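Asker: A single structure is presented below for examination.
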Amino acid sequence: MYVAGVEGGATHSKLLMCNEAGAIIASIEGPGTNHWMLGIPECARRIAKMVDDAKKAAGVPLDVKLKALGLSLSGCEQEATNRELENELRVSHPTVSESYVVVSDTVGSILTASNLGGLVLISGTGSNAFLRNPSGSQAQSGGWGHMLGDEGAAWWISHRAIKTVFDHEDNFVQCPYPLDRVWSLIRKHFDIETRFDLLPHCYGEKFEKSFFAGLCKKLAEAAEQGDELCIKIFADAGQALGRFVLALLPKVEAELVSSGSLCIVCVGSVWLSWKFLKGGFTKVLNSTNIPFEISLVKLTNSMGLGACYMAADSIKFELKRDYSKNYEVFYTYTNNNNSKVQTNGN
């Protein structure tokens with residue numbers, strides 16, 4: 001018997017396949033699986049291919065169905081479209097799995113760290129915040145994509161840098177920091193010379209969200225080298241991420257923080273710049289009284305493992321698991337301004 005789980009983002013995906021003993025017998029990297037960006041048929045095709053690749057890697061015949069497949073995917077917040085994706089897999093790819101569980105990528109992140117619940121804060125290409133309580137109640141803030149949200153994420157950071165340059169050059173909002181380095185990074189990333197050259201990357205046939213967001217990595221490197229504008233933009237991103245936490249705190253049930261701490265799973269590459277996010281993030285949290293600690297954790301295993309757990313639970317199979325091996329705490333916040341670092345010295 002085999003179960004599998006997919007961690008699916010807008011840019012890339014990962015599938016883990018487990019046997020009855022809970023051992024990971026295949027790990028497959030794949031392209032993005034956000035059905036809003038791809039369409040449901042293409043999303044299903046990519047998932048089916050990853051499953052087939054995993055079966056080949058594990059030496060499992062392609063016509064042997066998985067017992068259950070957990071899909072924790074970016075864009076899967078609506079039950080109706082989740083069922084549509086499941087149906088597409090059943091009809092167009094009938095040898096993939098006997099049963100399916102389709103949820104948002106935020107759920108998979110939480111289930112990788114705990115079966116009790118918690119809060120996940122995603123800041124990758126886009127952003128999203130999601131709370132799951134022990135009672136099963138859920139709440140969300142963000143997750144609306146780049147047209148309506150993505151605050152504090154790579155796309156938002158990249159856009160903010162570009163908008164700052166444009167506003168300054170238009171004498172619309174003057175920037176108090178030097179702009180030369182950021183404008184040079186923008187020109188190099190998009191291979192352009194003028195601001196007009198950038199327009200096709202914003203509105204035309206050259207627009208690609210993941211590529212647009214890719215500028216963020218270069219801005220992070222510039223922050224490391226002391227660029228004041230980049231440091232300020234990341235501090236602003238930290239504030240945005242902190243506001244997501246404040247938005248969900250009123251929905252946190254007492255049982256979830258009975259230990260005196262709320263676990264927040266931090267997912268996405270923007271968290272690699274935590275030392276620049278930290279000031280803005282803690283500034284927002286300091287604006288209110290939080291009567292418990294907040295532990296920021298990063299997953300040390302793919303959220304695809306949480307999707308595997310979810311798949312196994314859906315068929316009432318007790319898959320062996322050790323949550324403590326799936327994450328590590330990198331920062332603990334306390335409201336008395338005596339926050340402490342757990343690891344990595346930042």
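Residues in the structure tokens are named by chain (A, B, ... in the order shown) and by number from 1 within that chain; ligands are numbered from 1 in the order shown.
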Would you mind writing down, as a PyMOL selection string, each residue of region 73-319 of chain A that DSSP on the backbone assigns to strand (DSSP E or B)?
Answerer: chain A and resi 73+97+100-104+118-123+127-132+138-142+261-267+293-299
Asker: Skip Val64 (chain A) itself and residues of its chain fewer than 4 positions away, then list as a count of residues only all residues within 9 Å of it, counting only C-alpha atoms.
Answerer: 5
Asker: Can you tell me how far CA of Thr125 (chain A) sits from CA of Thr11 (chain A), in Å to one decimal?
Answerer: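 Taking CA of Thr125 (chain A) as the start and CA of Thr11 (chain A) as the end point, the length is 7.6 Å.
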Asker: Which residue gives the smallest distance to Trp271 (chain A) among A:Phe207, A:Ile122, A:Ile157, A:Trp144, with only C-alpha atoms counted?
Answerer: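 Looking only at the distances to Trp271 (chain A), the closest residue turns out to be A:Ile122.
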Asker: Name the residues in contact with Glu151 (chain A) at a cut-off of 9 Å, using only C-alpha atoms, excluding same-chain residues fewer than 6 positions from it; report them as a list in words.
Answerer: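 What passes the distance filter is Ser123, Gly126, Ser127, Asn128, Gly142, Ile157, Ala237, Ala240 and Leu241 of chain A.
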Asker: Can I get the residues of region 116-168 of chain A within 6 Å of region 261-268 of chain A, each with the closest pair of atoms and their distance in Å to one decimal, using only C-alpha atoms, sorted chain first then ascending number, as a Markdown table?
Answerer:
```
| residue | atom | partner | partner_atom | distance |
| --- | --- | --- | --- | --- |
| A:Gly118 | CA | A:Cys263 | CA | 5.6 |
| A:Leu119 | CA | A:Ile264 | CA | 4.7 |
| A:Val120 | CA | A:Val265 | CA | 4.5 |
| A:Leu121 | CA | A:Cys266 | CA | 5.1 |
| A:Ile122 | CA | A:Val267 | CA | 4.6 |
| A:Ser123 | CA | A:Gly268 | CA | 4.8 |
| A:Gly124 | CA | A:Gly268 | CA | 4.0 |
```
Asker: Write out the residues from the selection above, keeping C-alpha atoms, as a compact mmCIF listing (two decimals), in the first residue's frame.
Answerer:
```
# COMPACT_ATOMS: atom_id res chain seq x y z
CA GLY A 118 -1.45 26.19 14.34
CA LEU A 119 -0.89 29.13 12.09
CA VAL A 120 1.00 29.16 8.80
CA LEU A 121 2.41 32.31 7.24
CA ILE A 122 3.50 31.92 3.63
CA SER A 123 5.82 34.45 2.03
CA GLY A 124 7.16 33.05 -1.22
```
Asker: Using DSSP assignments from the backbone, pull out every residue in region 29-185 of chain A that falls under alpha helix (DSSP H) and give it to me as a ChimeraX atom specification.
Answerer: /A:35-38,40-58,79-92,105-113,154-169,180-185
Asker: Find the residue from A:Ala44, A:Ile110, A:Ile24, A:Ala58 that sits nearest to His93 (chain A); use only C-alpha atoms when measuring.
Answerer: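 Looking at the shortest contact to His93 (chain A), the residue is A:Ala44.
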Asker: For Tyr2 (chain A), which residue out of A:Lys278, A:Lys217, A:Lys65, A:Lys232 is the nearest one, using only C-alpha atoms?
Answerer: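 Smallest separation from Tyr2 (chain A) among the options: A:Lys65.
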